[in-house]
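Accompanying notes for the structure given below.
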Amino acid sequence: MTTGTPQRFVERPMRFWSVGWDVDRGVTEADQEATLLARIARRDAIAFETLYDRYSRPVYSLAVRMLGNPQAAQEVAQEIFLHIWRGAGEFIPTRGSARSWVLSLAHHRTVDALRRQRVRTVEPLAEGDPGAGGGADVVEQALRGVEGATVRSALMTLSPEQREAIVLAFYGGYTQQEIANRLRIPLGTVKTRIRDGMQRLRVQLVQGEEERE
Amino acid sequence: MTHEHASELLAAFALHALDRDGARAVSAHVRSCAECQRELASLQGVTEQLGSAVRQISPPPGLREAVLARTQVRQDLVQLRRRWAVGLAGAAALLLVVLAGLGVSLSRQFTALSTRLEAQEQVLALLSAPSARSVSMSGSVTAAARFVYDPNRGRGALVVSDLRDPGREFVYQVWLIAGTQPESAGVFRPAPGQSVVFPLAADFSRYQAVAISVERAPSGAPQPTTTPILIGKL
């Protein structure tokens, strides 16, 4: 995977915990966003614009990080927002936050775009490629793009193998099978690393949240 | 897919790290498993943070326009389709009303027209006969009135134009006068802007004059109650 040529981008402080009480309005931001999606499902163009303005930055940023190419990121971002426009009715508020739904959809579409891209172009890390057999440099490169301090430190609490599997899967868009092939380890081992790594990551992130509060 | 199998794959599913078939199988299980739904929501909280942790970049302004344009087009189409549907139904209903009205009106006009044509043909037939006579009528009004008749065939027609509307409560009554005795030949109302062709059948040799008076609507009077406005000698 190409994790992007160095680019100069405007940096902004991040918010990792978007779900919380909005004291000014007395309702949670999550409620508002769930309402936005409900309105979009009813073809409310204003609600869609509002959602775009809230999510275009994280969606586009994730796509740039994963695809390493602003042009491809713009294309996939368009696709993502059209999916949101068409599929907002599929969001079920009881199964997670609106933000989680939007970002999951964005990630899924970007992974698909990445896989299409790999089918079209020569797999850069195929057999015989100097990078094949080890994902360390790819993981290192991917981690450099991770700027959220909480997530970064949570990732660093994982074992290098767990971190490698999760980073290759999430930021690299590789399937478990592809990761096993790349690393030349059994599929079962990758499954275990991903499962255990995700559990640990969750614990770390929840702890981080509690410490901040 | 068993619950055990699906729950083992949930983390990879949340990371979108399953191939298409695997993802489909897990998705199908999750749809009917509340426990897996909760677990997945929790894992998606983690992937949400992984996704949010990348360096944030503002998208180019053109992206906003492109996205909104594409959805706007769709929205316009949706609205257009709705508007068309409503519009078409409305237009169809309106057209039916118009056609129905037009039909009634046309058939009325057609009846009136054919009646007039028949009458005019009768007049022409009368005039074409060598024995036909034409009498001009005069009186207290300036209307142009002629009585055309063929004494041999006993057919005639009154042709009157520019006769004023007598008002709703009155009609024009045609009289044939034998000596001093007027006999009613019928009543008529002039249509605005049209001349009246009033056919008559009678033994004209019995009568010395034809006259028109204003009488009560709708059917006139047995004997004239007013002075004739037009009169012509046969």
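By order in the structure tokens, chains are A, B, ...; within a chain, residues start at 1; ligands start at 1, following the order shown.
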>> as a count of residues only, could you give me every residue of chain A near chain B (at most 8 Å apart, counting only C-alpha atoms)?
In response: 53
> Do you know which residues are at most 6 Å from Ala73 (chain A) counting only C-alpha atoms, after dropping those on the same chain fewer than 3 positions away, and could you put them as JSON, numbers by chain?
Replying inline: {"A": [63, 64, 70, 76, 77]}
Write to file, as a PDB file, in the first residue's frame, the residues of the selection just made, with N, CA, C and O atoms.
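And here's again06.pdb as it stands now:
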```pdb
ATOM      1  N   ALA A  63      -9.914   9.203   3.736  1.00  0.00           N
ATOM      2  CA  ALA A  63      -9.719   8.704   2.367  1.00  0.00           C
ATOM      3  C   ALA A  63      -8.332   9.061   1.851  1.00  0.00           C
ATOM      4  O   ALA A  63      -7.669   8.244   1.201  1.00  0.00           O
ATOM      5  N   VAL A  64      -7.867  10.276   2.144  1.00  0.00           N
ATOM      6  CA  VAL A  64      -6.522  10.677   1.711  1.00  0.00           C
ATOM      7  C   VAL A  64      -5.477   9.799   2.393  1.00  0.00           C
ATOM      8  O   VAL A  64      -4.548   9.309   1.757  1.00  0.00           O
ATOM      9  N   PRO A  70      -5.028  12.613  -3.261  1.00  0.00           N
ATOM     10  CA  PRO A  70      -6.171  13.517  -3.075  1.00  0.00           C
ATOM     11  C   PRO A  70      -7.254  13.351  -4.156  1.00  0.00           C
ATOM     12  O   PRO A  70      -8.439  13.470  -3.863  1.00  0.00           O
ATOM     13  N   VAL A  76     -13.753   9.095  -4.009  1.00  0.00           N
ATOM     14  CA  VAL A  76     -14.396   8.187  -3.062  1.00  0.00           C
ATOM     15  C   VAL A  76     -15.256   8.972  -2.068  1.00  0.00           C
ATOM     16  O   VAL A  76     -16.321   8.497  -1.640  1.00  0.00           O
ATOM     17  N   ALA A  77     -14.851  10.190  -1.735  1.00  0.00           N
ATOM     18  CA  ALA A  77     -15.666  11.009  -0.828  1.00  0.00           C
ATOM     19  C   ALA A  77     -17.017  11.324  -1.456  1.00  0.00           C
ATOM     20  O   ALA A  77     -18.054  11.293  -0.789  1.00  0.00           O
TER      21      ALA A  77
END
```
>> At a cut-off of 10 Å, using only C-alpha atoms, what residues contact Val160 (chain B)? Leave out same-chain residues fewer than 6 positions from it and give the result as a ChimeraX atom specification.
In response: /B:137,143-147,190,194-198
>> Please return, as a PyMOL selection string, all residues of region 10-224 of chain B that DSSP assigns to strand (DSSP E or B) on the basis of the backbone.
In response: chain B and resi 54+133-139+144-150+155-161+170-178+181-188+196-201+209-216
> Within 9 Å of Glu169 (chain B), counting only C-alpha atoms, which residues qualify if same-chain residues fewer than 4 places away don't, as a PyMOL selection string?
Replying inline: chain B and resi 215-218
Output C-alpha atoms of each residue in that selection to a file, as a PDB file, in the first residue's frame.
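Listing of again11.pdb after writing:
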```pdb
ATOM      1  CA  GLU B 215     -95.037  39.407 -26.526  1.00  0.00           C
ATOM      2  CA  ARG B 216     -94.602  37.719 -23.153  1.00  0.00           C
ATOM      3  CA  ALA B 217     -92.077  34.933 -22.847  1.00  0.00           C
ATOM      4  CA  PRO B 218     -91.989  32.059 -23.223  1.00  0.00           C
TER       5      PRO B 218
END
```
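Pairwise distance (CA of Ile177 (chain B), CA of Ala157 (chain B)) equals 15.4 Å.
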> Expressed in Å to a single decimal, how great is the separation between CA of Val210 (chain B) and CA of Ile231 (chain B)?
Replying inline: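 If I compute the distance from CA of Val210 (chain B) to CA of Ile231 (chain B), I get 5.8 Å.
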> Which of region 18-226 of chain B counts as helix (DSSP H, G or I) under DSSP, as a PyMOL selection string please?
Replying inline: chain B and resi 20-31+34-52+61-128+204-206
Residue contacts of Arg109 (chain A) (7 Å, only C-alpha atoms) excluding same-chain residues fewer than 4 positions away, as a PDB file with N, CA and C atoms, in the first residue's frame:
```
ATOM      1  N   ILE A  80     -19.044   8.276  -1.119  1.00  0.00           N
ATOM      2  CA  ILE A  80     -19.480   8.088   0.267  1.00  0.00           C
ATOM      3  C   ILE A  80     -20.695   8.957   0.570  1.00  0.00           C
ATOM      4  N   LEU A 105     -19.184   3.733   7.359  1.00  0.00           N
ATOM      5  CA  LEU A 105     -19.558   3.702   5.935  1.00  0.00           C
ATOM      6  C   LEU A 105     -18.409   4.263   5.090  1.00  0.00           C
ATOM      7  N   ALA A 113     -12.603   1.024  -2.459  1.00  0.00           N
ATOM      8  CA  ALA A 113     -11.877   1.777  -3.486  1.00  0.00           C
ATOM      9  C   ALA A 113     -10.418   1.328  -3.546  1.00  0.00           C
TER      10      ALA A 113
END
```
